[in-house]
Amino acid sequence: MDLRSMEIRYDGRKGDIGGPFIGTLHWDAELEGPRPGVLVAPAFRGRAQFEEQRAQELAALGYVGFAIDYYGQGWSTTDPTEAHAAKDRLDADRATLAARMVAALATLKAQGQVDAERTAAIGYCFGGKAVLDLAREGVEIGGVATFHGILDRAETAPEMKIVADVLVMHGWDDPLAKPESVQAFGREMTERGAKWQLHAYGNTGHAFTNPAAKPGAQPGFGFDVKATARSWRALVDFLTEVLR
């Protein structure tokens, strides 16, 4: 195995959606020829080591992992107040979020290491919302998967069939995606013809994959080692299926 990485600067393909954006591509140079690509959308603090590691793990599995930037300029922060402010601004403009995700997917597909016909996207927290919004655009992508993602549909989402397979991995006690929003999400996916599945982990809250989220520090939040392992196994199976 010869894992390599490369920083990529990219812009939107249509209109002014901010930028430039900065992502990191990860791949195994020992593998010959194009291979499936998987976009990794970060949690609300922006692209950080956590997402880079997930993209590296995907590269070790034989995929090309692309840790992306949906804020622009490669912006990220460790300050929660700054992160919430940035997330709230983008959450108030879901059309721009979707356009930025479409641009990231187009960038992934354009890389020489990537088989453009076999791509997927995963996202954490607000990044989960981002990859769901990508699927809601009706783009040609094999599948999208979320870890403790936010599930609400944007008013600006187009009325069209969702062609991507969808996997949601959800902590049942997550206060950011309460049972009523989960039910609304299920209705939306069914009505829009998506092939979707939801894995709910009991006694598990938001940020369950993040070791920095200390259980008990905030109600409804916290790392869970079993849910993390189970959700990653579910993702590996999902990618094998949708990228075959």
# chains A, B, ... in the order shown; residues from 1 in each chain; ligands from 1
>>> residues_around(residues="range 131-145 of chain A", least_positions_apart="3", cutoff="9 Å", atoms="only C-alpha atoms", output="ChimeraX atom specification")
/A:39-41,94-95,97-102,105,117-124,126-128,149-151,153-154,157-169,192,235,238-239,242-243
>>> write_last_selection(atoms="N, CA and C atoms", output="compact mmCIF listing (two decimals), in the first residue's frame")
# COMPACT_ATOMS: atom_id res chain seq x y z
N LEU A 39 -16.61 11.13 -1.64
CA LEU A 39 -16.53 12.47 -1.09
C LEU A 39 -16.82 12.41 0.41
N VAL A 40 -16.05 13.14 1.22
CA VAL A 40 -16.23 13.18 2.67
C VAL A 40 -16.54 14.61 3.10
N ALA A 41 -17.77 14.85 3.55
CA ALA A 41 -18.20 16.18 3.97
C ALA A 41 -18.04 16.33 5.48
N ARG A 94 -29.53 27.23 1.75
CA ARG A 94 -29.35 25.83 1.38
C ARG A 94 -29.10 25.66 -0.13
N ALA A 95 -29.57 26.59 -0.94
CA ALA A 95 -29.29 26.49 -2.37
C ALA A 95 -27.80 26.61 -2.63
N LEU A 97 -25.42 25.86 -0.39
CA LEU A 97 -24.83 24.63 0.12
C LEU A 97 -24.91 23.52 -0.92
N ALA A 98 -26.08 23.35 -1.51
CA ALA A 98 -26.24 22.31 -2.52
C ALA A 98 -25.33 22.54 -3.71
N ALA A 99 -25.24 23.80 -4.16
CA ALA A 99 -24.39 24.11 -5.30
C ALA A 99 -22.93 23.83 -4.99
N ARG A 100 -22.51 24.11 -3.78
CA ARG A 100 -21.12 23.83 -3.39
C ARG A 100 -20.86 22.33 -3.36
N MET A 101 -21.85 21.56 -2.95
CA MET A 101 -21.69 20.11 -2.94
C MET A 101 -21.62 19.55 -4.36
N VAL A 102 -22.44 20.10 -5.25
CA VAL A 102 -22.39 19.68 -6.66
C VAL A 102 -21.01 19.97 -7.25
N LEU A 105 -18.52 17.41 -5.97
CA LEU A 105 -18.67 16.12 -6.65
C LEU A 105 -18.08 16.18 -8.05
N GLU A 117 -17.88 7.20 -13.08
CA GLU A 117 -19.17 6.48 -13.11
C GLU A 117 -19.47 5.81 -11.78
N ARG A 118 -18.50 5.80 -10.86
CA ARG A 118 -18.69 5.14 -9.57
C ARG A 118 -18.24 6.07 -8.45
N THR A 119 -19.19 6.83 -7.93
CA THR A 119 -18.89 7.77 -6.85
C THR A 119 -19.96 7.68 -5.76
N ALA A 120 -19.57 8.11 -4.57
CA ALA A 120 -20.47 8.15 -3.42
C ALA A 120 -20.05 9.33 -2.55
N ALA A 121 -20.84 9.62 -1.53
CA ALA A 121 -20.53 10.71 -0.61
C ALA A 121 -20.95 10.32 0.79
N ILE A 122 -20.12 10.68 1.77
CA ILE A 122 -20.48 10.49 3.17
C ILE A 122 -20.34 11.82 3.90
N GLY A 123 -21.09 11.98 4.98
CA GLY A 123 -21.01 13.23 5.72
C GLY A 123 -21.32 13.05 7.19
N TYR A 124 -20.73 13.91 7.98
CA TYR A 124 -20.86 13.88 9.43
C TYR A 124 -21.57 15.16 9.90
N PHE A 126 -23.41 18.32 10.21
CA PHE A 126 -23.87 19.22 9.15
C PHE A 126 -23.43 18.71 7.78
N GLY A 127 -22.30 18.00 7.73
CA GLY A 127 -21.89 17.37 6.49
C GLY A 127 -22.86 16.29 6.04
N GLY A 128 -23.57 15.66 7.01
CA GLY A 128 -24.63 14.73 6.65
C GLY A 128 -25.76 15.43 5.93
N GLY A 149 -26.30 12.74 10.96
CA GLY A 149 -26.58 13.89 10.10
C GLY A 149 -27.88 14.58 10.48
N ILE A 150 -28.03 15.81 9.96
CA ILE A 150 -29.26 16.58 10.14
C ILE A 150 -30.14 16.31 8.92
N LEU A 151 -31.42 16.01 9.13
CA LEU A 151 -32.22 15.37 8.10
C LEU A 151 -33.21 16.28 7.39
N ARG A 153 -35.33 18.74 5.10
CA ARG A 153 -35.28 19.09 3.68
C ARG A 153 -35.37 20.60 3.52
N ALA A 154 -34.57 21.16 2.59
CA ALA A 154 -34.61 22.59 2.31
C ALA A 154 -35.83 22.94 1.46
N ALA A 157 -35.03 22.70 -2.23
CA ALA A 157 -34.73 21.41 -2.87
C ALA A 157 -35.68 21.18 -4.03
N PRO A 158 -35.16 20.80 -5.18
CA PRO A 158 -36.03 20.60 -6.35
C PRO A 158 -36.94 19.38 -6.18
N GLU A 159 -38.05 19.40 -6.89
CA GLU A 159 -38.97 18.26 -6.87
C GLU A 159 -38.55 17.30 -7.96
N MET A 160 -37.73 16.34 -7.60
CA MET A 160 -37.29 15.34 -8.56
C MET A 160 -36.94 14.04 -7.84
N LYS A 161 -36.85 13.00 -8.61
CA LYS A 161 -36.51 11.69 -8.05
C LYS A 161 -35.09 11.71 -7.51
N ILE A 162 -34.88 11.09 -6.37
CA ILE A 162 -33.54 10.90 -5.83
C ILE A 162 -33.00 9.59 -6.39
N VAL A 163 -31.96 9.68 -7.20
CA VAL A 163 -31.44 8.49 -7.87
C VAL A 163 -30.38 7.78 -7.03
N ALA A 164 -29.80 8.47 -6.07
CA ALA A 164 -28.77 7.86 -5.22
C ALA A 164 -29.42 6.95 -4.18
N ASP A 165 -28.74 5.85 -3.85
CA ASP A 165 -29.11 5.09 -2.66
C ASP A 165 -28.74 5.93 -1.44
N VAL A 166 -29.50 5.78 -0.37
CA VAL A 166 -29.31 6.61 0.82
C VAL A 166 -29.22 5.73 2.06
N LEU A 167 -28.19 5.97 2.86
CA LEU A 167 -28.00 5.28 4.13
C LEU A 167 -27.85 6.33 5.23
N VAL A 168 -28.71 6.26 6.24
CA VAL A 168 -28.64 7.16 7.38
C VAL A 168 -28.31 6.36 8.62
N MET A 169 -27.25 6.78 9.32
CA MET A 169 -26.84 6.12 10.57
C MET A 169 -27.04 7.13 11.69
N ARG A 192 -40.05 10.48 -2.89
CA ARG A 192 -39.15 10.86 -3.99
C ARG A 192 -38.47 9.66 -4.62
N LEU A 235 -21.29 1.23 6.65
CA LEU A 235 -20.82 2.04 5.52
C LEU A 235 -20.01 1.19 4.55
N PHE A 238 -22.28 -0.83 2.52
CA PHE A 238 -23.05 0.03 1.64
C PHE A 238 -22.21 0.42 0.42
N LEU A 239 -20.97 0.85 0.65
CA LEU A 239 -20.11 1.26 -0.46
C LEU A 239 -19.81 0.09 -1.39
N VAL A 242 -23.05 -0.15 -3.56
CA VAL A 242 -23.42 0.91 -4.52
C VAL A 242 -22.30 1.25 -5.49
N LEU A 243 -21.07 0.82 -5.20
CA LEU A 243 -19.92 1.14 -6.05
C LEU A 243 -19.37 -0.09 -6.77
>>> residues_around(residues="Thr96 in chain A", least_positions_apart="6", cutoff="12 Å", atoms="only C-alpha atoms", output="list of chain:residue names")
A:Gly12, A:Lys14, A:Gly15, A:Asp16, A:Ile17, A:Gly18, A:Gly19, A:Tyr70, A:Tyr71, A:Gly72, A:Arg89, A:Leu90, A:Val102, A:Ala103, A:Ala130, A:Asp133, A:Leu134, A:Glu137, A:Ala154, A:Thr156, A:Ala157
>>> closest_residue(among="A:Phe208, A:Arg45, A:Gln113, A:Ile68", to="Lys226 in chain A", atoms="only C-alpha atoms")
A:Phe208
>>> select_by_dssp(residues="range 69-175 of chain A", states="strand (DSSP E)", output="list in words")
Val114, Asp115, Ala116, Glu117, Arg118, Thr119, Ala120, Ala121, Ile122, Gly123, Tyr124, Gly143, Val144, Ala145, Thr146, Phe147, Asp165, Val166, Leu167, Val168, Met169, His170 and Gly171 of chain A
>>> closest_residue(among="A:Asp2, A:Ala116, A:Asp152, A:Arg9", to="Arg187 in chain A", atoms="only C-alpha atoms")
A:Asp152
>>> closest_residue(among="A:Ala213, A:Val38, A:Met6, A:Cys125", to="Gly65 in chain A", atoms="only C-alpha atoms")
A:Val38
>>> residues_around(residues="Val225 in chain A", least_positions_apart="6", cutoff="10 Å", atoms="only C-alpha atoms", output="PDB file with C-alpha atoms, in the first residue's frame")
ATOM      1  CA  PHE A 208     -21.412   9.380  18.306  1.00  0.00           C
ATOM      2  CA  THR A 209     -18.407   8.867  15.975  1.00  0.00           C
ATOM      3  CA  ASN A 210     -16.356  11.706  17.456  1.00  0.00           C
ATOM      4  CA  PRO A 211     -13.954  10.704  20.276  1.00  0.00           C
ATOM      5  CA  SER A 231     -21.880   2.371  11.591  1.00  0.00           C
TER       6      SER A 231
END
>>> residues_around(residues="Tyr201 in chain A", least_positions_apart="3", cutoff="9 Å", atoms="only C-alpha atoms", output="list in words")
Met169, His170, Gly171, Trp172, Asp173, Thr204, Gly205 and Ala227 of chain A
>>> residues_around(residues="Ala59 in chain A", least_positions_apart="6", cutoff="8 Å", atoms="only C-alpha atoms", output="MDAnalysis selection string")
chainID A and resid 3 26:28 65
>>> write_last_selection(atoms="N, CA and C atoms", output="compact mmCIF listing (two decimals), in the first residue's frame")
# COMPACT_ATOMS: atom_id res chain seq x y z
N LEU A 3 -0.14 4.98 0.31
CA LEU A 3 -1.15 6.02 0.45
C LEU A 3 -0.54 7.40 0.20
N HIS A 26 -7.13 11.64 -1.31
CA HIS A 26 -6.33 10.56 -0.73
C HIS A 26 -6.54 9.30 -1.58
N TRP A 27 -5.43 8.62 -1.93
CA TRP A 27 -5.54 7.41 -2.73
C TRP A 27 -4.34 6.50 -2.50
N ASP A 28 -4.49 5.26 -2.93
CA ASP A 28 -3.41 4.27 -2.85
C ASP A 28 -2.75 4.20 -4.21
N GLY A 65 -10.55 8.84 -1.56
CA GLY A 65 -11.28 9.67 -0.61
C GLY A 65 -10.99 11.14 -0.86
>>> closest_residue(among="A:Lys129, A:Lys178, A:His148, A:Lys214", to="Thr228 in chain A", atoms="only C-alpha atoms")
A:His148
>>> select_by_dssp(residues="range 115-166 of chain A", states="alpha helix (DSSP H)", output="number ranges by chain")
A: 126-136
>>> write_last_selection(atoms="N, CA, C and O atoms", output="mmCIF file, in the first residue's frame")
data_model
loop_
_atom_site.group_PDB
_atom_site.id
_atom_site.type_symbol
_atom_site.label_atom_id
_atom_site.label_comp_id
_atom_site.auth_asym_id
_atom_site.auth_seq_id
_atom_site.Cartn_x
_atom_site.Cartn_y
_atom_site.Cartn_z
ATOM 1 N N PHE A 126 -23.407 18.321 10.207
ATOM 2 C CA PHE A 126 -23.872 19.224 9.151
ATOM 3 C C PHE A 126 -23.431 18.710 7.777
ATOM 4 O O PHE A 126 -24.119 18.936 6.776
ATOM 5 N N GLY A 127 -22.302 18.003 7.733
ATOM 6 C CA GLY A 127 -21.892 17.367 6.490
ATOM 7 C C GLY A 127 -22.859 16.290 6.040
ATOM 8 O O GLY A 127 -22.980 16.017 4.838
ATOM 9 N N GLY A 128 -23.573 15.665 7.007
ATOM 10 C CA GLY A 128 -24.626 14.728 6.649
ATOM 11 C C GLY A 128 -25.765 15.430 5.930
ATOM 12 O O GLY A 128 -26.294 14.931 4.931
ATOM 13 N N LYS A 129 -26.146 16.587 6.440
ATOM 14 C CA LYS A 129 -27.147 17.396 5.742
ATOM 15 C C LYS A 129 -26.659 17.750 4.344
ATOM 16 O O LYS A 129 -27.419 17.695 3.361
ATOM 17 N N ALA A 130 -25.365 18.077 4.237
ATOM 18 C CA ALA A 130 -24.802 18.494 2.954
ATOM 19 C C ALA A 130 -24.884 17.383 1.913
ATOM 20 O O ALA A 130 -25.233 17.635 0.754
ATOM 21 N N VAL A 131 -24.557 16.138 2.296
ATOM 22 C CA VAL A 131 -24.605 15.068 1.298
ATOM 23 C C VAL A 131 -26.048 14.682 0.980
ATOM 24 O O VAL A 131 -26.343 14.263 -0.152
ATOM 25 N N LEU A 132 -26.954 14.821 1.932
ATOM 26 C CA LEU A 132 -28.368 14.589 1.614
ATOM 27 C C LEU A 132 -28.875 15.648 0.641
ATOM 28 O O LEU A 132 -29.637 15.343 -0.284
ATOM 29 N N ASP A 133 -28.439 16.898 0.834
ATOM 30 C CA ASP A 133 -28.837 17.941 -0.108
ATOM 31 C C ASP A 133 -28.248 17.677 -1.494
ATOM 32 O O ASP A 133 -28.866 18.013 -2.514
ATOM 33 N N LEU A 134 -27.059 17.085 -1.547
ATOM 34 C CA LEU A 134 -26.487 16.688 -2.835
ATOM 35 C C LEU A 134 -27.381 15.655 -3.509
ATOM 36 O O LEU A 134 -27.700 15.774 -4.699
ATOM 37 N N ALA A 135 -27.813 14.650 -2.771
ATOM 38 C CA ALA A 135 -28.712 13.644 -3.340
ATOM 39 C C ALA A 135 -30.029 14.265 -3.778
ATOM 40 O O ALA A 135 -30.604 13.873 -4.803
ATOM 41 N N ARG A 136 -30.510 15.232 -2.998
ATOM 42 C CA ARG A 136 -31.778 15.888 -3.325
ATOM 43 C C ARG A 136 -31.713 16.677 -4.630
ATOM 44 O O ARG A 136 -32.752 17.007 -5.203
#
>>> closest_residue(among="A:Arg47, A:Pro179, A:Phe66, A:Ile22", to="Ala110 in chain A", atoms="only C-alpha atoms")
A:Phe66
>>> closest_residue(among="A:Ala60, A:Gly186, A:Gly193, A:Phe50", to="Ser5 in chain A", atoms="only C-alpha atoms")
A:Ala60
>>> atom_distance(atom1="CA of Thr107 in chain A", atom2="CA of Phe21 in chain A")
10.4 Å
>>> atom_distance(atom1="CA of Ala48 in chain A", atom2="CA of Glu30 in chain A")
25.8 Å
